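K.L.:
Contents of target_23.pdb (PDB, C-alpha atoms) are given next:
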ATOM      1  CA  MET A   1       3.872  -8.497 -22.770
ATOM      2  CA  SER A   2       0.885 -10.695 -22.158
ATOM      3  CA  LEU A   3      -2.730  -9.728 -22.394
ATOM      4  CA  VAL A   4      -3.123  -9.630 -18.632
ATOM      5  CA  GLU A   5      -0.259  -7.164 -18.345
ATOM      6  CA  TRP A   6      -1.847  -4.934 -20.979
ATOM      7  CA  ILE A   7      -5.143  -4.968 -19.085
ATOM      8  CA  ALA A   8      -3.350  -4.316 -15.802
ATOM      9  CA  SER A   9      -1.388  -1.426 -17.333
ATOM     10  CA  PHE A  10      -4.573   0.128 -18.665
ATOM     11  CA  LEU A  11      -6.246  -0.219 -15.256
ATOM     12  CA  LEU A  12      -3.193   1.242 -13.505
ATOM     13  CA  VAL A  13      -3.090   4.287 -15.788
ATOM     14  CA  MET A  14      -6.831   4.808 -15.405
ATOM     15  CA  GLY A  15      -6.524   4.558 -11.632
ATOM     16  CA  GLY A  16      -3.676   7.060 -11.518
ATOM     17  CA  VAL A  17      -5.584   9.515 -13.693
ATOM     18  CA  PHE A  18      -8.702   9.221 -11.518
ATOM     19  CA  VAL A  19      -6.699   9.728  -8.314
ATOM     20  CA  LEU A  20      -5.136  12.829  -9.865
ATOM     21  CA  ILE A  21      -8.575  14.110 -10.940
ATOM     22  CA  GLY A  22      -9.752  13.734  -7.347
ATOM     23  CA  ALA A  23      -6.799  15.750  -6.088
ATOM     24  CA  VAL A  24      -7.332  18.486  -8.700
ATOM     25  CA  GLY A  25     -10.953  18.658  -7.604
ATOM     26  CA  MET A  26      -9.793  19.035  -4.011
ATOM     27  CA  VAL A  27      -7.820  22.119  -4.996
ATOM     28  CA  LYS A  28     -10.150  23.706  -7.541
ATOM     29  CA  LEU A  29     -13.677  23.305  -6.150
ATOM     30  CA  PRO A  30     -15.139  26.301  -4.307
ATOM     31  CA  ASP A  31     -16.366  25.139  -0.880
ATOM     32  CA  VAL A  32     -16.202  22.141   1.426
ATOM     33  CA  TYR A  33     -19.537  20.659   0.386
ATOM     34  CA  THR A  34     -18.539  20.521  -3.271
ATOM     35  CA  ARG A  35     -15.021  19.456  -2.372
ATOM     36  CA  LEU A  36     -16.469  16.356  -0.698
ATOM     37  CA  HIS A  37     -17.408  15.005  -4.135
ATOM     38  CA  ALA A  38     -13.855  14.765  -5.450
ATOM     39  CA  PRO A  39     -12.288  12.240  -3.031
ATOM     40  CA  THR A  40     -15.418  10.227  -2.374
ATOM     41  CA  LYS A  41     -16.077   9.498  -6.045
ATOM     42  CA  ALA A  42     -13.001   9.990  -8.199
ATOM     43  CA  THR A  43     -10.372   8.816  -5.736
ATOM     44  CA  THR A  44     -12.371   5.755  -4.681
ATOM     45  CA  LEU A  45     -12.840   4.747  -8.311
ATOM     46  CA  GLY A  46      -9.138   5.282  -8.970
ATOM     47  CA  ILE A  47      -7.972   3.142  -6.093
ATOM     48  CA  GLY A  48     -10.511   0.489  -7.086
ATOM     49  CA  CYS A  49      -8.877   0.341 -10.540
ATOM     50  CA  ILE A  50      -5.376   0.077  -9.021
ATOM     51  CA  LEU A  51      -6.474  -2.733  -6.689
ATOM     52  CA  ILE A  52      -8.084  -4.687  -9.545
ATOM     53  CA  ALA A  53      -4.853  -4.346 -11.562
ATOM     54  CA  SER A  54      -2.842  -5.602  -8.582
ATOM     55  CA  MET A  55      -5.222  -8.529  -8.206
ATOM     56  CA  CYS A  56      -4.815  -9.478 -11.912
ATOM     57  CA  LEU A  57      -1.014  -9.283 -11.753
ATOM     58  CA  HIS A  58      -0.692 -11.298  -8.575
ATOM     59  CA  ALA A  59      -3.057 -13.941  -9.903
ATOM     60  CA  VAL A  60      -1.094 -14.343 -13.159
ATOM     61  CA  ARG A  61       2.338 -14.337 -11.510
ATOM     62  CA  GLY A  62       1.535 -17.562  -9.746
ATOM     63  CA  GLU A  63       1.061 -16.519  -6.152
ATOM     64  CA  GLY A  64      -2.507 -17.649  -6.274
ATOM     65  CA  PHE A  65      -5.593 -15.538  -5.993
ATOM     66  CA  ALA A  66      -4.921 -13.044  -3.193
ATOM     67  CA  ILE A  67      -7.970 -12.097  -1.182
ATOM     68  CA  GLN A  68      -6.329  -9.090   0.503
ATOM     69  CA  GLU A  69      -6.914  -6.694  -2.393
ATOM     70  CA  LEU A  70     -10.573  -7.625  -2.417
ATOM     71  CA  VAL A  71     -10.764  -6.954   1.331
ATOM     72  CA  ILE A  72      -9.032  -3.573   0.956
ATOM     73  CA  SER A  73     -11.277  -2.436  -1.897
ATOM     74  CA  LEU A  74     -14.403  -3.631  -0.096
ATOM     75  CA  PHE A  75     -13.340  -1.779   3.059
ATOM     76  CA  LEU A  76     -12.577   1.433   1.140
ATOM     77  CA  PHE A  77     -15.839   1.260  -0.814
ATOM     78  CA  ILE A  78     -17.790   0.872   2.422
ATOM     79  CA  THR A  79     -15.976   3.497   4.496
ATOM     80  CA  ALA A  80     -15.652   6.302   1.902
ATOM     81  CA  PRO A  81     -19.368   7.299   1.970
ATOM     82  CA  VAL A  82     -19.505   6.965   5.767
ATOM     83  CA  SER A  83     -16.544   9.274   6.351
ATOM     84  CA  ALA A  84     -17.863  11.727   3.741
ATOM     85  CA  TYR A  85     -21.217  11.779   5.549
ATOM     86  CA  MET A  86     -19.522  12.456   8.884
ATOM     87  CA  ILE A  87     -17.395  15.270   7.432
ATOM     88  CA  ALA A  88     -20.459  16.853   5.799
ATOM     89  CA  LYS A  89     -22.389  16.615   9.057
ATOM     90  CA  ALA A  90     -19.534  18.251  10.987
ATOM     91  CA  ALA A  91     -19.272  21.032   8.389
ATOM     92  CA  LEU A  92     -23.036  21.605   8.477
ATOM     93  CA  HIS A  93     -23.119  21.899  12.250
ATOM     94  CA  ARG A  94     -20.069  24.161  12.378
ATOM     95  CA  ARG A  95     -21.860  26.483   9.924
ATOM     96  CA  VAL A  96     -19.156  26.354   7.308
ATOM     97  CA  PRO A  97     -20.282  28.888   4.690
ATOM     98  CA  MET A  98     -21.701  27.621   1.412
ATOM     99  CA  ARG A  99     -20.831  29.194  -1.882
ATOM    100  CA  ASP A 100     -23.208  31.757  -3.334
ATOM    101  CA  GLY A 101     -25.983  30.275  -5.415
ATOM    102  CA  THR A 102     -26.483  27.125  -3.351
ATOM    103  CA  VAL A 103     -30.104  26.059  -3.740
ATOM    104  CA  ASN A 104     -32.304  24.849  -0.857
ATOM    105  CA  MET A 105     -30.358  26.534   1.926
ATOM    106  CA  ALA A 106     -33.472  26.252   4.119
ATOM    107  CA  LEU A 107     -33.112  22.482   4.049
ATOM    108  CA  ALA A 108     -29.594  22.840   5.458
ATOM    109  CA  GLU A 109     -30.996  24.940   8.258
ATOM    110  CA  GLN A 110     -33.581  22.240   9.004
ATOM    111  CA  ALA A 111     -30.928  19.540   9.004
ATOM    112  CA  ARG A 112     -28.918  21.619  11.442
ATOM    113  CA  GLU A 113     -31.944  21.692  13.765
ATOM    114  CA  ARG A 114     -32.238  17.896  13.341
ATOM    115  CA  GLN A 115     -35.697  18.157  11.786
ATOM    116  CA  SER A 116     -36.990  16.047   8.966
ATOM    117  CA  PRO A 117     -37.254  17.831   5.592
ATOM    118  CA  THR A 118     -41.041  17.711   5.848
ATOM    119  CA  ALA A 119     -41.261  18.979   9.439
ATOM    120  CA  VAL A 120     -42.126  22.534   8.438
ATOM    121  CA  PRO A 121     -45.189  22.383   6.159
ATOM    122  CA  GLY A 122     -44.507  23.257   2.565
ATOM    123  CA  SER A 123     -40.840  24.081   2.942
ATOM    124  CA  ALA A 124     -39.571  20.936   1.249
ATOM    125  CA  THR A 125     -41.786  21.182  -1.790
ATOM    126  CA  GLN A 126     -41.919  24.947  -2.048
ATOM    127  CA  GLN A 127     -39.486  26.389  -4.534
ATOM    128  CA  PRO A 128     -37.578  29.500  -3.425
ATOM    129  CA  SER A 129     -39.526  32.430  -4.818
ATOM    130  CA  GLU A 130     -37.784  35.404  -6.327
TER     131      GLU A 130
ATOM    132  CA  MET B   1       7.099  -1.960 -19.931
ATOM    133  CA  LEU B   2       5.132  -2.585 -16.758
ATOM    134  CA  ASP B   3       7.917  -0.902 -14.772
ATOM    135  CA  GLN B   4       7.551   2.311 -16.799
ATOM    136  CA  VAL B   5       3.778   2.213 -16.320
ATOM    137  CA  LEU B   6       4.270   1.745 -12.580
ATOM    138  CA  LEU B   7       6.678   4.675 -12.471
ATOM    139  CA  GLY B   8       4.260   6.901 -14.374
ATOM    140  CA  VAL B   9       1.314   5.977 -12.155
ATOM    141  CA  ALA B  10       3.451   6.545  -9.055
ATOM    142  CA  VAL B  11       4.280  10.033 -10.377
ATOM    143  CA  LEU B  12       0.563  10.727 -10.902
ATOM    144  CA  VAL B  13      -0.320   9.552  -7.388
ATOM    145  CA  GLY B  14       2.575  11.536  -5.920
ATOM    146  CA  LEU B  15       1.333  14.643  -7.701
ATOM    147  CA  ALA B  16      -2.131  13.991  -6.255
ATOM    148  CA  LEU B  17      -0.519  13.689  -2.818
ATOM    149  CA  VAL B  18       1.181  17.070  -3.275
ATOM    150  CA  LEU B  19      -2.119  18.708  -4.307
ATOM    151  CA  ASN B  20      -3.873  17.218  -1.276
ATOM    152  CA  ALA B  21      -1.067  18.454   0.979
ATOM    153  CA  TRP B  22      -1.595  21.903  -0.535
ATOM    154  CA  ARG B  23      -5.276  21.743   0.439
ATOM    155  CA  LEU B  24      -4.231  20.473   3.890
ATOM    156  CA  ILE B  25      -2.039  23.543   4.345
ATOM    157  CA  ILE B  26      -4.279  26.276   2.916
ATOM    158  CA  GLY B  27      -7.661  24.733   3.838
ATOM    159  CA  PRO B  28      -9.826  27.600   5.068
ATOM    160  CA  THR B  29     -11.788  25.498   7.566
ATOM    161  CA  VAL B  30     -10.901  22.524   9.713
ATOM    162  CA  THR B  31     -13.285  20.233   7.814
ATOM    163  CA  ASP B  32     -11.273  20.874   4.646
ATOM    164  CA  ARG B  33      -8.188  19.725   6.472
ATOM    165  CA  ILE B  34      -9.880  16.524   7.687
ATOM    166  CA  LEU B  35     -11.039  15.813   4.144
ATOM    167  CA  ALA B  36      -7.546  16.395   2.745
ATOM    168  CA  LEU B  37      -6.033  14.087   5.369
ATOM    169  CA  ASP B  38      -8.568  11.359   4.548
ATOM    170  CA  THR B  39      -7.729  11.631   0.848
ATOM    171  CA  MET B  40      -4.020  11.521   1.616
ATOM    172  CA  TYR B  41      -4.545   8.245   3.467
ATOM    173  CA  ILE B  42      -6.204   6.781   0.372
ATOM    174  CA  ASN B  43      -3.388   8.033  -1.878
ATOM    175  CA  CYS B  44      -0.836   6.445   0.438
ATOM    176  CA  ILE B  45      -2.672   3.129   0.103
ATOM    177  CA  ALA B  46      -2.403   3.494  -3.679
ATOM    178  CA  LEU B  47       1.358   4.103  -3.422
ATOM    179  CA  ILE B  48       1.822   1.063  -1.184
ATOM    180  CA  ILE B  49      -0.128  -1.132  -3.626
ATOM    181  CA  LEU B  50       2.080   0.125  -6.478
ATOM    182  CA  LEU B  51       5.172  -0.728  -4.432
ATOM    183  CA  GLY B  52       3.761  -4.193  -3.807
ATOM    184  CA  ILE B  53       3.298  -4.717  -7.554
ATOM    185  CA  TYR B  54       6.826  -3.449  -8.244
ATOM    186  CA  PHE B  55       8.538  -5.734  -5.736
ATOM    187  CA  ASP B  56       6.179  -8.596  -6.642
ATOM    188  CA  THR B  57       5.308  -9.391  -3.072
ATOM    189  CA  SER B  58       2.080  -9.570  -1.125
ATOM    190  CA  LEU B  59       3.624  -8.418   2.149
ATOM    191  CA  PHE B  60       2.455  -4.858   1.653
ATOM    192  CA  PHE B  61      -1.252  -5.588   1.580
ATOM    193  CA  GLU B  62      -1.508  -6.038   5.318
ATOM    194  CA  ALA B  63       0.110  -2.626   5.728
ATOM    195  CA  ALA B  64      -2.341  -1.143   3.230
ATOM    196  CA  LEU B  65      -5.304  -2.676   5.074
ATOM    197  CA  LEU B  66      -3.990  -1.331   8.376
ATOM    198  CA  ILE B  67      -3.602   2.162   6.928
ATOM    199  CA  ALA B  68      -7.117   2.016   5.483
ATOM    200  CA  MET B  69      -8.558   1.137   8.891
ATOM    201  CA  LEU B  70      -6.523   3.808  10.682
ATOM    202  CA  GLY B  71      -7.601   6.389   8.126
ATOM    203  CA  PHE B  72     -11.267   5.639   8.606
ATOM    204  CA  VAL B  73     -11.022   5.596  12.412
ATOM    205  CA  GLY B  74      -9.064   8.862  12.396
ATOM    206  CA  THR B  75     -11.587  10.602  10.151
ATOM    207  CA  ALA B  76     -14.525   9.318  12.181
ATOM    208  CA  ALA B  77     -12.919  10.395  15.469
ATOM    209  CA  LEU B  78     -12.039  13.880  14.203
ATOM    210  CA  SER B  79     -15.509  14.435  12.741
ATOM    211  CA  LYS B  80     -17.156  13.192  15.917
ATOM    212  CA  TYR B  81     -14.980  15.517  17.989
ATOM    213  CA  LEU B  82     -15.954  18.483  15.832
ATOM    214  CA  LEU B  83     -19.602  17.515  15.931
ATOM    215  CA  ARG B  84     -20.029  16.835  19.650
ATOM    216  CA  GLY B  85     -16.931  18.201  21.392
ATOM    217  CA  ASP B  86     -16.206  14.708  22.650
ATOM    218  CA  ILE B  87     -15.308  11.393  21.043
ATOM    219  CA  ILE B  88     -16.767   8.795  23.405
ATOM    220  CA  GLU B  89     -19.666  10.159  25.389
TER     221      GLU B  89
END
Please express what this file holds, its structure, as structure tokens.

P.N.:
Amino acid sequence: MSLVEWIASFLLVMGGVFVLIGAVGMVKLPDVYTRLHAPTKATTLGIGCILIASMCLHAVRGEGFAIQELVISLFLFITAPVSAYMIAKAALHRRVPMRDGTVNMALAEQARERQSPTAVPGSATQQPSE
Amino acid sequence: MLDQVLLGVAVLVGLALVLNAWRLIIGPTVTDRILALDTMYINCIALIILLGIYFDTSLFFEAALLIAMLGFVGTAALSKYLLRGDIIE
């Protein structure tokens, strides 16, 4: 086994583990706003690792440097935050309940009313008083 | 040895797919289901890439790119429908 295959195997295993961590986060986390973190970070990193491994293997097997993997990873890295933003916005406007203990719930209310965080004086900087 | 690694990683990704399908089924709100579907698209891209490494061909990358685009458009359309009640206003 050559050095490139060792590196590719390591990247493949790391990618699989990160994809699995994202899926476990999808099941275990308490509400939709926290659940958004798992696929947008862990799964994107995992598939980035798998695509880099594929790029290494295809380059060393003599098919030349394939640009498709780079295009796929670039596309996924651009679209993952955008789709996560749209899902969060939809959840916010459908008033999906947050878990207990979420801080700055007033800011969510302001975002729902499409106001800037500083629109109501003092509400952005004021800490919630007991 | 690379074949065993590929098999193991495919098992991991398949397990992730099963967990996401579980969230797709039980998801308490519709946004959870959209999120699970989006993640399942990404896991399917990972499986297709693994298949492309296994068969040592670059034919599968176009399919993976197509699925990535369809996944993003589907998520954007569903979120927009939930947000506004209409997709193209």

K.L.:
List, as a compact mmCIF listing (two decimals) with C-alpha atoms, in the frame of the given file, every residue that the PyMOL selection byres ((chain A) within 9 of (chain B)) selects in the file provided.

P.N.:
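Contents of the output file selection-v4.txt:
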# COMPACT_ATOMS: atom_id res chain seq x y z
CA MET A 1 3.87 -8.50 -22.77
CA GLU A 5 -0.26 -7.16 -18.34
CA TRP A 6 -1.85 -4.93 -20.98
CA ALA A 8 -3.35 -4.32 -15.80
CA SER A 9 -1.39 -1.43 -17.33
CA PHE A 10 -4.57 0.13 -18.66
CA LEU A 12 -3.19 1.24 -13.50
CA VAL A 13 -3.09 4.29 -15.79
CA MET A 14 -6.83 4.81 -15.40
CA GLY A 15 -6.52 4.56 -11.63
CA GLY A 16 -3.68 7.06 -11.52
CA VAL A 17 -5.58 9.52 -13.69
CA VAL A 19 -6.70 9.73 -8.31
CA LEU A 20 -5.14 12.83 -9.86
CA ILE A 21 -8.57 14.11 -10.94
CA GLY A 22 -9.75 13.73 -7.35
CA ALA A 23 -6.80 15.75 -6.09
CA VAL A 24 -7.33 18.49 -8.70
CA MET A 26 -9.79 19.04 -4.01
CA VAL A 27 -7.82 22.12 -5.00
CA ASP A 31 -16.37 25.14 -0.88
CA VAL A 32 -16.20 22.14 1.43
CA ARG A 35 -15.02 19.46 -2.37
CA LEU A 36 -16.47 16.36 -0.70
CA PRO A 39 -12.29 12.24 -3.03
CA THR A 40 -15.42 10.23 -2.37
CA THR A 43 -10.37 8.82 -5.74
CA THR A 44 -12.37 5.76 -4.68
CA GLY A 46 -9.14 5.28 -8.97
CA ILE A 47 -7.97 3.14 -6.09
CA ILE A 50 -5.38 0.08 -9.02
CA LEU A 51 -6.47 -2.73 -6.69
CA SER A 54 -2.84 -5.60 -8.58
CA LEU A 57 -1.01 -9.28 -11.75
CA HIS A 58 -0.69 -11.30 -8.57
CA ARG A 61 2.34 -14.34 -11.51
CA GLU A 63 1.06 -16.52 -6.15
CA ALA A 66 -4.92 -13.04 -3.19
CA GLN A 68 -6.33 -9.09 0.50
CA GLU A 69 -6.91 -6.69 -2.39
CA VAL A 71 -10.76 -6.95 1.33
CA ILE A 72 -9.03 -3.57 0.96
CA PHE A 75 -13.34 -1.78 3.06
CA LEU A 76 -12.58 1.43 1.14
CA THR A 79 -15.98 3.50 4.50
CA ALA A 80 -15.65 6.30 1.90
CA VAL A 82 -19.50 6.96 5.77
CA SER A 83 -16.54 9.27 6.35
CA ALA A 84 -17.86 11.73 3.74
CA MET A 86 -19.52 12.46 8.88
CA ILE A 87 -17.40 15.27 7.43
CA ALA A 88 -20.46 16.85 5.80
CA LYS A 89 -22.39 16.61 9.06
CA ALA A 90 -19.53 18.25 10.99
CA ALA A 91 -19.27 21.03 8.39
CA HIS A 93 -23.12 21.90 12.25
CA ARG A 94 -20.07 24.16 12.38
CA VAL A 96 -19.16 26.35 7.31

K.L.:
Can you work out the spacing between CA of Leu51 in chain B and CA of His37 in chain A in Å, to one decimal?

P.N.:
27.5 Å

K.L.:
CA of Arg99 in chain A and CA of Pro30 in chain A, how far apart in Å?

P.N.:
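Going from CA of Pro30 in chain A over to CA of Arg99 in chain A, I get 6.8 Å.
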
K.L.:
In Å, with one decimal, what is the gap from CA of Gln110 in chain A to CA of Phe77 in chain A?

P.N.:
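Spanning CA of Gln110 in chain A to CA of Phe77 in chain A is a straight-line distance of 29.2 Å.
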
K.L.:
Using only C-alpha atoms, can you tell me which of A:Leu11, A:Val60, A:Ala42, A:Ile67 comes closest to Gly25 in chain A?

P.N.:
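For Gly25 in chain A, the nearest of the given residues is A:Ala42.
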
K.L.:
From the set A:Leu70, A:Leu92, A:Leu29, A:Ile7, which residue has the shortest atom-to-atom contact distance to Ala53 in chain A, counting only C-alpha atoms?

P.N.:
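Checking each of A:Leu70, A:Leu92, A:Leu29, A:Ile7 against Ala53 in chain A, counting only C-alpha atoms, the winner is A:Ile7.
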
K.L.:
Using all atoms of range 43-57 of chain B that appear in the file, construct an axis-aligned enclosing box with 5 Å of padding on every side and provide its centre coordinates and edge lengths in Å, rounded to one decimal, as AutoDock Vina command-line options.

P.N.:
--center_x 2.6 --center_y -0.7 --center_z -3.9 --size_x 21.9 --size_y 27.4 --size_z 18.7

K.L.:
Which of these, A:Cys56, A:Val103, A:Met98, A:Ala108, has the shortest distance to Ser2 in chain A once you count all atoms listed in the file?

P.N.:
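For Ser2 in chain A, the nearest of the given residues is A:Cys56.
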